[in-house]
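Everything below belongs to model-v6.csv, which stores CSV, C-alpha atoms.
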```csv
chain,number,residue,atom,x,y,z
A,23,MET,CA,75.5,248.9,-4.1
A,24,ILE,CA,78.6,250.2,-2.3
A,25,GLU,CA,76.4,251.0,0.8
A,26,LYS,CA,75.1,247.5,0.8
A,27,GLN,CA,78.6,246.1,0.7
A,28,ARG,CA,79.7,248.4,3.4
A,29,ASN,CA,76.9,247.2,5.6
A,30,GLU,CA,77.8,243.6,5.0
A,31,VAL,CA,81.4,244.2,6.1
A,32,LYS,CA,80.2,246.1,9.2
A,33,LYS,CA,77.9,243.2,10.0
A,34,SER,CA,80.8,240.7,9.8
A,35,LEU,CA,82.9,242.9,12.1
A,36,ILE,CA,80.4,243.3,14.8
A,37,LYS,CA,79.8,240.2,16.9
A,38,PRO,CA,76.2,239.5,17.7
A,39,LYS,CA,75.4,240.1,21.4
A,40,GLU,CA,74.8,236.4,22.1
A,41,GLU,CA,78.2,235.5,20.8
A,42,ILE,CA,79.8,238.1,23.0
A,43,LYS,CA,77.9,236.7,26.0
A,44,SER,CA,79.2,233.2,25.3
A,45,LEU,CA,82.8,234.2,24.9
A,46,PRO,CA,85.0,232.7,27.6
A,47,LEU,CA,85.8,235.2,30.3
A,48,PRO,CA,89.3,235.6,31.5
A,49,GLU,CA,90.1,233.6,34.7
A,50,SER,CA,90.8,236.8,36.7
A,51,GLU,CA,87.3,238.0,35.9
A,52,LEU,CA,85.7,234.7,36.9
A,53,ILE,CA,87.7,234.8,40.2
A,54,LYS,CA,86.6,238.4,40.9
A,55,ARG,CA,82.9,237.6,40.3
A,56,ALA,CA,83.1,234.4,42.3
A,57,LYS,CA,84.6,236.3,45.2
A,58,GLU,CA,81.6,238.6,45.0
A,59,GLY,CA,79.4,235.6,45.7
A,60,LYS,CA,78.1,235.1,42.2
A,61,ASP,CA,77.7,231.3,42.0
A,62,GLU,CA,77.4,231.0,38.3
A,63,PHE,CA,80.9,232.4,37.9
A,64,PHE,CA,82.3,230.1,40.5
A,65,GLU,CA,80.8,227.2,38.6
A,66,MET,CA,82.3,228.4,35.4
A,67,LEU,CA,85.6,228.7,37.1
A,68,ILE,CA,85.7,225.3,38.6
A,69,SER,CA,84.3,223.6,35.5
A,70,ARG,CA,87.7,224.1,33.9
A,71,TYR,CA,89.4,222.0,36.6
A,72,GLU,CA,86.8,219.4,37.8
A,73,LYS,CA,88.0,216.7,35.5
A,74,LYS,CA,91.6,217.3,36.2
A,75,ILE,CA,91.1,217.2,40.0
A,76,TYR,CA,89.1,214.0,39.6
A,77,ASN,CA,91.8,212.3,37.5
A,78,LEU,CA,94.6,213.5,39.8
A,79,ALA,CA,92.7,212.1,42.8
A,80,TYR,CA,91.9,208.9,41.0
A,81,ARG,CA,95.5,208.2,40.0
A,82,PHE,CA,96.8,209.2,43.4
A,83,LEU,CA,94.4,207.1,45.4
A,84,ASN,CA,93.6,204.4,42.9
A,85,ASN,CA,90.0,204.3,43.8
A,86,GLU,CA,86.9,205.8,42.2
A,87,GLN,CA,84.9,206.4,45.3
A,88,ASP,CA,87.8,208.2,47.0
A,89,ALA,CA,88.3,210.3,43.9
A,90,ILE,CA,84.7,211.4,44.0
A,91,GLU,CA,85.0,212.3,47.6
A,92,VAL,CA,88.2,214.3,47.0
A,93,LEU,CA,86.6,216.1,44.1
A,94,GLN,CA,83.5,216.9,46.2
A,95,GLU,CA,85.5,218.1,49.3
A,96,THR,CA,87.9,220.1,47.1
A,97,LEU,CA,85.1,222.0,45.3
A,98,ILE,CA,83.2,222.7,48.5
A,99,ARG,CA,86.4,224.0,50.2
A,100,ALA,CA,87.2,226.1,47.2
A,101,TYR,CA,83.6,227.5,47.4
A,102,ARG,CA,83.9,228.3,51.1
A,103,PHE,CA,87.4,229.8,50.9
A,104,ILE,CA,87.4,231.5,47.5
A,105,LYS,CA,87.2,234.9,49.3
A,106,LYS,CA,90.4,234.1,51.1
A,107,PHE,CA,92.3,233.2,47.9
A,108,GLN,CA,94.9,236.0,47.7
A,109,GLU,CA,95.9,235.4,44.1
A,110,ARG,CA,99.6,235.1,44.9
A,111,SER,CA,99.6,231.9,43.0
A,112,SER,CA,97.5,230.8,40.1
A,113,PHE,CA,94.0,229.6,40.8
A,114,TYR,CA,94.8,226.0,39.7
A,115,THR,CA,97.9,225.9,41.9
A,116,TRP,CA,95.6,226.9,44.8
A,117,LEU,CA,92.9,224.4,43.8
A,118,TYR,CA,95.5,221.5,43.4
A,119,ARG,CA,96.9,222.3,46.8
A,120,ILE,CA,93.5,221.9,48.4
A,121,ALA,CA,92.9,218.7,46.4
A,122,MET,CA,96.3,217.2,47.4
A,123,ASN,CA,95.7,218.1,51.1
A,124,VAL,CA,92.3,216.4,51.0
A,125,ALA,CA,93.8,213.4,49.2
A,126,LEU,CA,96.7,213.0,51.5
A,127,ARG,CA,94.4,213.2,54.6
A,128,LYS,CA,92.3,210.5,53.0
A,129,LEU,CA,95.4,208.3,52.3
A,130,LYS,CA,96.5,208.6,56.0
A,131,ARG,CA,93.0,207.8,57.2
A,132,ARG,CA,92.9,204.8,54.8
A,133,SER,CA,96.3,203.4,55.9
A,134,LYS,CA,94.9,203.4,59.5
A,135,GLU,CA,91.7,201.7,58.4
A,136,GLU,CA,93.5,199.2,56.2
A,137,LYS,CA,94.8,197.3,59.2
A,138,VAL,CA,91.4,195.7,58.9
A,139,ILE,CA,91.3,194.4,55.3
A,140,SER,CA,88.0,195.0,53.6
A,141,LEU,CA,86.7,192.5,51.1
A,142,ASP,CA,84.6,195.2,49.4
A,143,GLN,CA,87.6,197.3,48.4
A,144,THR,CA,87.0,198.6,44.9
A,145,VAL,CA,89.8,197.9,42.5
A,146,PRO,CA,89.9,200.3,39.5
A,147,GLY,CA,88.7,198.3,36.5
A,148,TYR,CA,90.9,199.2,33.5
A,149,GLU,CA,88.4,197.6,31.1
A,150,ASP,CA,85.9,200.4,32.0
A,151,ILE,CA,88.3,203.2,31.1
A,152,PRO,CA,87.4,204.7,27.8
A,153,GLN,CA,90.3,204.2,25.4
A,154,GLU,CA,91.4,206.5,22.7
A,155,ILE,CA,90.1,205.5,19.3
A,156,PRO,CA,93.1,203.8,17.7
A,157,ASP,CA,94.3,205.0,14.3
A,158,GLU,CA,93.3,202.3,11.9
A,159,THR,CA,96.2,203.0,9.6
A,160,GLN,CA,98.6,202.0,12.3
A,161,ASN,CA,100.0,198.6,12.7
A,162,PRO,CA,97.6,196.5,14.9
A,163,GLU,CA,100.5,195.0,16.7
A,164,LEU,CA,101.8,198.5,17.6
A,165,ILE,CA,98.3,199.5,18.8
A,166,TYR,CA,98.2,196.4,21.0
A,167,GLU,CA,101.7,197.0,22.4
A,168,ARG,CA,100.8,200.6,23.2
A,169,LYS,CA,97.6,199.6,24.9
A,170,GLU,CA,99.5,197.1,27.0
A,171,LEU,CA,102.1,199.7,27.9
A,172,GLN,CA,99.4,202.2,29.0
A,173,LYS,CA,97.8,199.5,31.1
A,174,ALA,CA,101.2,198.6,32.6
A,175,ILE,CA,101.9,202.3,33.3
A,176,ARG,CA,98.6,202.7,35.2
A,177,LYS,CA,99.4,199.7,37.2
A,178,ALA,CA,103.0,200.8,37.9
A,179,LEU,CA,101.8,204.2,38.9
A,180,GLU,CA,99.7,202.6,41.6
A,181,GLU,CA,102.8,201.0,43.0
A,182,VAL,CA,105.0,204.1,43.1
A,183,PRO,CA,105.4,205.1,46.8
A,184,GLU,CA,103.0,208.0,47.6
A,185,VAL,CA,105.7,210.6,48.3
A,186,TYR,CA,107.0,210.2,44.7
A,187,ARG,CA,103.7,209.4,43.1
A,188,SER,CA,102.2,212.9,43.9
A,189,VAL,CA,105.2,214.6,42.3
A,190,VAL,CA,105.2,212.3,39.2
A,191,LEU,CA,101.5,212.9,38.7
A,192,LEU,CA,101.7,216.6,39.0
A,193,LYS,CA,104.8,216.8,36.7
A,194,ASP,CA,104.5,214.1,34.1
A,195,VAL,CA,100.7,213.7,33.9
A,196,GLU,CA,99.5,217.2,34.7
A,197,GLY,CA,102.5,219.0,33.2
A,198,LEU,CA,103.0,221.5,36.0
A,199,SER,CA,106.4,223.2,36.6
A,200,ASN,CA,108.7,222.2,39.5
A,201,LYS,CA,108.0,225.5,41.1
A,202,GLU,CA,104.2,225.0,41.0
A,203,ILE,CA,104.6,221.5,42.4
A,204,ALA,CA,106.8,222.9,45.2
A,205,GLU,CA,104.0,225.4,46.0
A,206,ILE,CA,101.3,222.8,46.0
A,207,LEU,CA,103.1,220.2,48.1
A,208,LYS,CA,104.9,222.8,50.3
A,209,LEU,CA,108.3,221.4,49.3
A,210,THR,CA,111.5,223.1,48.1
A,211,VAL,CA,112.2,222.8,44.3
A,212,PRO,CA,115.3,220.6,45.0
A,213,ALA,CA,113.0,218.3,47.0
A,214,VAL,CA,110.6,218.1,44.1
A,215,LYS,CA,113.4,217.3,41.7
A,216,SER,CA,114.7,214.6,44.0
A,217,ARG,CA,111.3,212.9,44.4
A,218,LEU,CA,110.7,213.2,40.7
A,219,HIS,CA,114.0,211.5,39.9
A,220,ARG,CA,113.3,208.6,42.3
A,221,GLY,CA,109.7,208.3,41.1
A,222,ARG,CA,110.7,208.1,37.5
A,223,LEU,CA,113.4,205.6,38.2
A,224,PHE,CA,110.9,203.5,40.2
A,225,LEU,CA,108.6,203.5,37.2
A,226,ARG,CA,111.5,202.6,34.8
A,227,GLU,CA,112.4,199.6,37.0
A,228,LYS,CA,108.8,198.4,37.1
A,229,LEU,CA,108.4,198.8,33.3
A,230,LYS,CA,111.8,197.6,32.2
A,231,ASP,CA,110.5,194.4,30.6
A,232,LEU,CA,107.8,196.2,28.6
A,233,ILE,CA,110.0,199.1,27.3
A,234,LYS,CA,112.0,197.7,24.6
A,235,ILE,CA,115.0,200.0,24.2
B,273,MET,CA,143.6,227.3,44.0
B,274,LYS,CA,143.0,225.5,40.8
B,275,LYS,CA,139.3,224.6,40.1
B,276,ARG,CA,138.8,220.9,39.9
B,277,LYS,CA,137.5,219.7,36.6
B,278,ILE,CA,134.3,217.7,36.8
B,279,GLU,CA,134.5,214.3,35.1
B,280,TYR,CA,131.2,213.8,33.3
B,281,ASN,CA,130.4,210.1,34.0
B,282,CYS,CA,127.3,208.1,34.6
B,283,GLU,CA,127.0,209.3,38.2
B,284,VAL,CA,127.1,212.9,37.2
B,285,PHE,CA,124.7,212.2,34.3
B,286,GLN,CA,122.2,210.7,36.8
B,287,LYS,CA,122.6,213.7,39.1
B,288,TYR,CA,121.5,216.1,36.3
B,289,LEU,CA,118.8,213.7,34.9
B,290,VAL,CA,115.7,215.8,35.9
B,291,GLU,CA,117.2,219.0,34.5
B,292,TYR,CA,118.4,217.2,31.4
B,293,LEU,CA,114.9,215.9,30.7
B,294,ASP,CA,113.3,219.2,31.4
B,295,GLU,CA,115.9,221.0,29.2
B,296,GLU,CA,116.8,223.3,32.0
B,297,LEU,CA,120.5,223.0,32.0
B,298,PRO,CA,123.0,225.7,31.2
B,299,SER,CA,124.4,224.9,27.7
B,300,GLU,CA,128.0,224.2,28.9
B,301,ILE,CA,126.8,221.5,31.3
B,302,PHE,CA,124.4,220.1,28.7
B,303,ILE,CA,127.1,219.8,26.1
B,304,GLU,CA,129.4,217.9,28.5
B,305,LEU,CA,126.6,215.6,29.4
B,306,GLU,CA,125.8,215.0,25.7
B,307,LYS,CA,129.4,214.2,25.1
B,308,HIS,CA,129.2,211.5,27.8
B,309,ARG,CA,125.8,210.2,26.6
B,310,MET,CA,127.0,209.7,23.0
B,311,VAL,CA,129.7,207.3,24.2
B,312,CYS,CA,127.7,205.7,26.9
B,313,ARG,CA,125.1,203.0,26.0
B,314,GLU,CA,123.6,202.8,29.5
B,315,CYS,CA,122.9,206.5,29.8
B,316,THR,CA,121.4,206.6,26.3
B,317,ARG,CA,119.1,203.7,27.2
B,318,LEU,CA,118.2,205.4,30.5
B,319,ILE,CA,117.2,208.7,28.7
B,320,LYS,CA,115.3,206.9,25.9
B,321,SER,CA,113.3,204.8,28.4
B,322,LEU,CA,112.5,207.7,30.6
B,323,ARG,CA,111.4,209.8,27.7
B,324,LYS,CA,109.1,207.0,26.6
B,325,ILE,CA,107.6,206.7,30.1
B,326,ILE,CA,107.1,210.5,30.3
B,327,TYR,CA,105.5,210.5,26.9
B,328,GLU,CA,103.1,207.7,27.9
B,329,LEU,CA,102.3,209.4,31.2
B,330,ARG,CA,101.4,212.6,29.3
B,331,SER,CA,99.1,210.7,27.0
B,332,LEU,CA,97.3,208.6,29.6
B,333,THR,CA,93.6,208.5,28.9
B,334,ASN,CA,91.4,210.3,31.4
B,335,TYR,CA,88.8,208.7,33.7
B,336,GLU,CA,85.4,210.2,33.1
B,337,VAL,CA,83.8,211.9,36.1
B,338,PRO,CA,80.5,209.9,36.7
B,339,LYS,CA,77.7,212.1,35.3
B,340,ASP,CA,75.6,212.4,38.4
B,341,VAL,CA,78.6,213.4,40.6
B,342,LEU,CA,79.1,216.9,39.4
B,343,GLU,CA,75.4,217.6,39.5
B,344,ARG,CA,75.3,216.3,43.1
B,345,ILE,CA,78.3,218.5,44.1
B,346,HIS,CA,76.8,221.6,42.5
B,347,THR,CA,73.4,221.0,44.2
B,348,TYR,CA,75.3,220.5,47.5
B,349,ILE,CA,77.1,223.8,47.1
B,350,LYS,CA,73.8,225.6,46.4
B,351,ILE,CA,72.1,224.0,49.5
B,352,LYS,CA,75.1,225.1,51.7
B,353,LYS,CA,74.8,228.6,50.4
B,354,TRP,CA,71.0,228.7,51.0
B,355,LYS,CA,71.5,227.4,54.6
B,356,ARG,CA,74.0,230.1,55.3
B,357,LYS,CA,71.6,232.8,54.2
```
Write out the structure in this file as structure tokens.
Amino acid sequence: MIEKQRNEVKKSLIKPKEEIKSLPLPESELIKRAKEGKDEFFEMLISRYEKKIYNLAYRFLNNEQDAIEVLQETLIRAYRFIKKFQERSSFYTWLYRIAMNVALRKLKRRSKEEKVISLDQTVPGYEDIPQEIPDETQNPELIYERKELQKAIRKALEEVPEVYRSVVLLKDVEGLSNKEIAEILKLTVPAVKSRLHRGRLFLREKLKDLIKI
Amino acid sequence: MKKRKIEYNCEVFQKYLVEYLDEELPSEIFIELEKHRMVCRECTRLIKSLRKIIYELRSLTNYEVPKDVLERIHTYIKIKKWKRK
């Protein structure tokens, strides 16, 4: 009987092989194996950030097609240059830097092209954005107000001048530190703070009628 | 020479706004700014509205990456690798 119990305890302590296999590997390990040319590990590594890069690009460029292209180019560049990643910064700082460079280049190219106005320009459709399931116990009026505010914030973000927008997105949407943003955008920390300050005040001005304080 | 005492007014409050919101200020400066904020309606409104905006920015719903896009990118990477071999 005691032997049986002991075996059961042993069983519960030892993880089955399959479970160990499916455990998430630490990022440093994924980077190491990706650098060795093992594609499946590169894919595991970038799968953690694909959605974030896409959203960052979408919010920065306000266009779905451009966001797709930025995501594509960022991942391809990361794949090509992973061996050159020296790990002096975190992987996501490195990846965000690639994405922001690609996005900024796209923005510059677009501003040149926009001298000829295209009638086919895609405008992000807010109706298509999956919304969070509202808490039914909340006041419907509050839910409506919140939805309107979120919609207005998306719209206001589009209008923030690009130099401030990139910083606001990285800080207030992505939650990066000022130091990380400085690394990504090749700015000094005081410059990041200054742009953040201006960007936030710009948003406040745009949203003053909606924010009832 | 005597050190000039800083007067903590709206202008100084604005100067430290980013650090104030990030809670990165040395306690002595934070206390002085708080003293000002407590008597200043404008600065209180400024902080409240910015906190609300930051909160809403943090909780923005994400755009979904179109399903076929990732598949296409991964295939593209594989083809690139195959071509390089």
Residues near Trp116 in chain A, anyone? I mean within 9 Å using all atoms listed in the file, not counting same-chain ones fewer than 6 positions away, as a PDB file with C-alpha atoms, in the frame of the given file.
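What follows is the written file result16.pdb:
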```
ATOM      1  CA  ALA A 100      87.200 226.100  47.200  1.00  0.00           C
ATOM      2  CA  PHE A 107      92.300 233.200  47.900  1.00  0.00           C
ATOM      3  CA  GLU A 109      95.900 235.400  44.100  1.00  0.00           C
ATOM      4  CA  GLU A 205     104.000 225.400  46.000  1.00  0.00           C
ATOM      5  CA  ILE A 206     101.300 222.800  46.000  1.00  0.00           C
TER       6      ILE A 206
END
```
Enter the distance from CA of Ile325 in chain B to CA of Leu218 in chain A, in Å, rounded to one decimal. 12.8 Å
Pick from A:Val182, A:Val92, A:Leu126, A:Leu171 nearest to chain B, counting all atoms listed in the file: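 Of all the options, A:Leu171 lies closest to chain B.
Minimum atom-to-atom distances from A:Glu202, A:Glu95, A:Glu58, A:Glu51 to Glu72 in chain A were compared using all atoms listed in the file, and the lowest value belongs to A:Glu95.
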Counting all atoms listed in the file, give me one row per residue of chain B with an atom at most 12 Å from an atom of chain A, showing the shortest contact pair and its distance in Å to one decimal, sorted by chain then residue number, as CSV.
```
residue,atom,partner,partner_atom,distance
B:Gln286,CA,A:His219,CA,8.8
B:Lys287,CA,A:His219,CA,8.9
B:Tyr288,CA,A:His219,CA,9.5
B:Leu289,CA,A:His219,CA,7.3
B:Val290,CA,A:His219,CA,6.1
B:Glu291,CA,A:Lys215,CA,8.3
B:Tyr292,CA,A:His219,CA,11.1
B:Leu293,CA,A:His219,CA,10.2
B:Asp294,CA,A:Ser199,CA,9.5
B:Glu296,CA,A:Asn200,CA,11.1
B:Arg313,CA,A:Ile235,CA,10.7
B:Glu314,CA,A:Ile235,CA,10.5
B:Cys315,CA,A:Ile235,CA,11.7
B:Thr316,CA,A:Ile235,CA,9.4
B:Arg317,CA,A:Ile235,CA,6.3
B:Leu318,CA,A:Arg226,CA,8.4
B:Ile319,CA,A:Ile235,CA,10.0
B:Lys320,CA,A:Ile235,CA,7.1
B:Ser321,CA,A:Ile235,CA,6.6
B:Leu322,CA,A:Arg226,CA,6.7
B:Arg323,CA,A:Arg222,CA,10.0
B:Lys324,CA,A:Ile233,CA,8.0
B:Ile325,CA,A:Arg226,CA,7.4
B:Ile326,CA,A:Asp194,CA,5.8
B:Tyr327,CA,A:Asp194,CA,8.1
B:Glu328,CA,A:Gln172,CA,6.7
B:Leu329,CA,A:Val195,CA,5.3
B:Arg330,CA,A:Val195,CA,4.8
B:Ser331,CA,A:Val195,CA,7.7
B:Leu332,CA,A:Gln172,CA,6.8
B:Thr333,CA,A:Gln153,CA,6.5
B:Asn334,CA,A:Asn77,CA,6.4
B:Tyr335,CA,A:Asn77,CA,6.0
B:Glu336,CA,A:Lys73,CA,7.4
B:Val337,CA,A:Lys73,CA,6.4
B:Pro338,CA,A:Ile90,CA,8.6
B:Lys339,CA,A:Ile90,CA,11.2
B:Asp340,CA,A:Ile90,CA,10.7
B:Val341,CA,A:Ile90,CA,7.3
B:Leu342,CA,A:Gln94,CA,8.1
B:Glu343,CA,A:Gln94,CA,10.5
B:Arg344,CA,A:Gln94,CA,8.8
B:Ile345,CA,A:Gln94,CA,5.8
B:His346,CA,A:Glu65,CA,7.9
B:Thr347,CA,A:Ile98,CA,10.8
B:Tyr348,CA,A:Ile98,CA,8.3
B:Ile349,CA,A:Ile98,CA,6.4
B:Lys350,CA,A:Asp61,CA,8.2
B:Ile351,CA,A:Ile98,CA,11.2
B:Lys352,CA,A:Ile98,CA,9.0
B:Lys353,CA,A:Arg102,CA,9.1
B:Trp354,CA,A:Asp61,CA,11.5
B:Arg356,CA,A:Arg102,CA,10.9
B:Lys357,CA,A:Gly59,CA,11.9
```
So that I can check the surroundings of range 279-282 of chain B, please list as a ChimeraX atom specification every protein, DNA and RNA residue that reaches within 10 Å of it, counting only C-alpha atoms and ignoring chain neighbours fewer than 3 positions away. /B:276,285-287,301,304-309,312,314-315
Take CA of Phe82 in chain A and CA of Leu129 in chain A and report the distance between them in Å, one decimal.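 Taking CA of Phe82 in chain A and CA of Leu129 in chain A, their separation equals 9.1 Å.
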Just how far from CA of Leu232 in chain A is CA of Asn161 in chain A, in Å to one decimal? 17.9 Å
Report as a PyMOL selection string all protein, DNA and RNA residues lying within 12 Å of Lys201 in chain A, evaluated on all atoms listed in the file, omitting residues in the same chain fewer than 3 positions from it. chain A and resi 111-112+115+189+192-193+197-198+204-215
Missing atoms in range 161-171 of chain A: can you complete it with all heavy atoms, as a compact mmCIF listing (two decimals), in the frame of the given file?
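What follows is the written file out02.txt:
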```
# COMPACT_ATOMS: atom_id res chain seq x y z
N ASN A 161 99.82 199.99 12.59
CA ASN A 161 100.00 198.60 12.70
C ASN A 161 99.25 198.02 13.93
O ASN A 161 99.46 198.49 15.04
CB ASN A 161 101.54 198.35 12.88
CG ASN A 161 101.91 196.91 12.99
OD1 ASN A 161 101.06 196.06 13.21
ND2 ASN A 161 103.19 196.66 12.82
N PRO A 162 98.37 197.02 13.76
CA PRO A 162 97.60 196.50 14.90
C PRO A 162 98.47 196.00 16.02
O PRO A 162 98.12 196.11 17.19
CB PRO A 162 96.77 195.37 14.29
CG PRO A 162 96.92 195.47 12.84
CD PRO A 162 98.05 196.35 12.51
N GLU A 163 99.63 195.49 15.64
CA GLU A 163 100.50 195.00 16.70
C GLU A 163 101.05 196.14 17.54
O GLU A 163 101.14 196.01 18.76
CB GLU A 163 101.74 194.34 15.96
CG GLU A 163 102.34 193.20 16.79
CD GLU A 163 103.41 192.49 16.00
OE1 GLU A 163 103.06 191.90 14.94
OE2 GLU A 163 104.57 192.56 16.41
N LEU A 164 101.33 197.27 16.86
CA LEU A 164 101.80 198.50 17.60
C LEU A 164 100.71 198.99 18.51
O LEU A 164 100.97 199.41 19.64
CB LEU A 164 102.24 199.55 16.64
CG LEU A 164 103.58 199.36 15.94
CD1 LEU A 164 103.86 200.52 15.00
CD2 LEU A 164 104.71 199.24 16.96
N ILE A 165 99.47 198.97 17.99
CA ILE A 165 98.30 199.50 18.80
C ILE A 165 98.20 198.59 20.05
O ILE A 165 98.04 199.09 21.16
CB ILE A 165 97.02 199.42 17.98
CG1 ILE A 165 97.11 200.41 16.81
CG2 ILE A 165 95.82 199.76 18.85
CD1 ILE A 165 95.98 200.29 15.81
N TYR A 166 98.31 197.30 19.85
CA TYR A 166 98.20 196.40 21.00
C TYR A 166 99.29 196.62 22.00
O TYR A 166 99.04 196.73 23.20
CB TYR A 166 98.24 194.92 20.46
CG TYR A 166 98.19 193.92 21.58
CD1 TYR A 166 96.99 193.62 22.22
CD2 TYR A 166 99.35 193.28 22.01
CE1 TYR A 166 96.95 192.73 23.26
CE2 TYR A 166 99.32 192.38 23.05
CZ TYR A 166 98.12 192.10 23.68
OH TYR A 166 98.08 191.20 24.72
N GLU A 167 100.52 196.76 21.49
CA GLU A 167 101.70 197.00 22.40
C GLU A 167 101.49 198.27 23.19
O GLU A 167 101.78 198.31 24.38
CB GLU A 167 102.95 197.14 21.54
CG GLU A 167 103.68 195.83 21.38
CD GLU A 167 104.96 195.98 20.58
OE1 GLU A 167 105.54 197.07 20.58
OE2 GLU A 167 105.36 194.99 19.94
N ARG A 168 101.02 199.32 22.53
CA ARG A 168 100.80 200.60 23.20
C ARG A 168 99.76 200.51 24.27
O ARG A 168 99.93 201.03 25.35
CB ARG A 168 100.42 201.60 22.07
CG ARG A 168 100.16 202.98 22.47
CD ARG A 168 101.39 203.86 22.31
NE ARG A 168 101.27 205.06 23.13
CZ ARG A 168 100.56 206.11 22.78
NH1 ARG A 168 99.98 206.15 21.60
NH2 ARG A 168 100.47 207.15 23.59
N LYS A 169 98.68 199.78 23.94
CA LYS A 169 97.60 199.60 24.90
C LYS A 169 98.12 198.87 26.14
O LYS A 169 97.80 199.22 27.27
CB LYS A 169 96.49 198.76 24.25
CG LYS A 169 95.18 199.49 24.15
CD LYS A 169 94.15 198.60 23.52
CE LYS A 169 92.80 199.24 23.52
NZ LYS A 169 91.81 198.43 22.83
N GLU A 170 98.92 197.83 25.88
CA GLU A 170 99.50 197.10 27.00
C GLU A 170 100.40 197.93 27.85
O GLU A 170 100.39 197.84 29.06
CB GLU A 170 100.29 195.86 26.44
CG GLU A 170 99.42 194.76 25.90
CD GLU A 170 98.46 194.21 26.95
OE1 GLU A 170 98.91 193.67 27.97
OE2 GLU A 170 97.22 194.35 26.74
N LEU A 171 101.18 198.78 27.17
CA LEU A 171 102.10 199.70 27.90
C LEU A 171 101.33 200.65 28.76
O LEU A 171 101.68 200.87 29.91
CB LEU A 171 103.00 200.40 26.88
CG LEU A 171 104.09 201.30 27.49
CD1 LEU A 171 105.02 200.50 28.38
CD2 LEU A 171 104.91 201.97 26.39
```
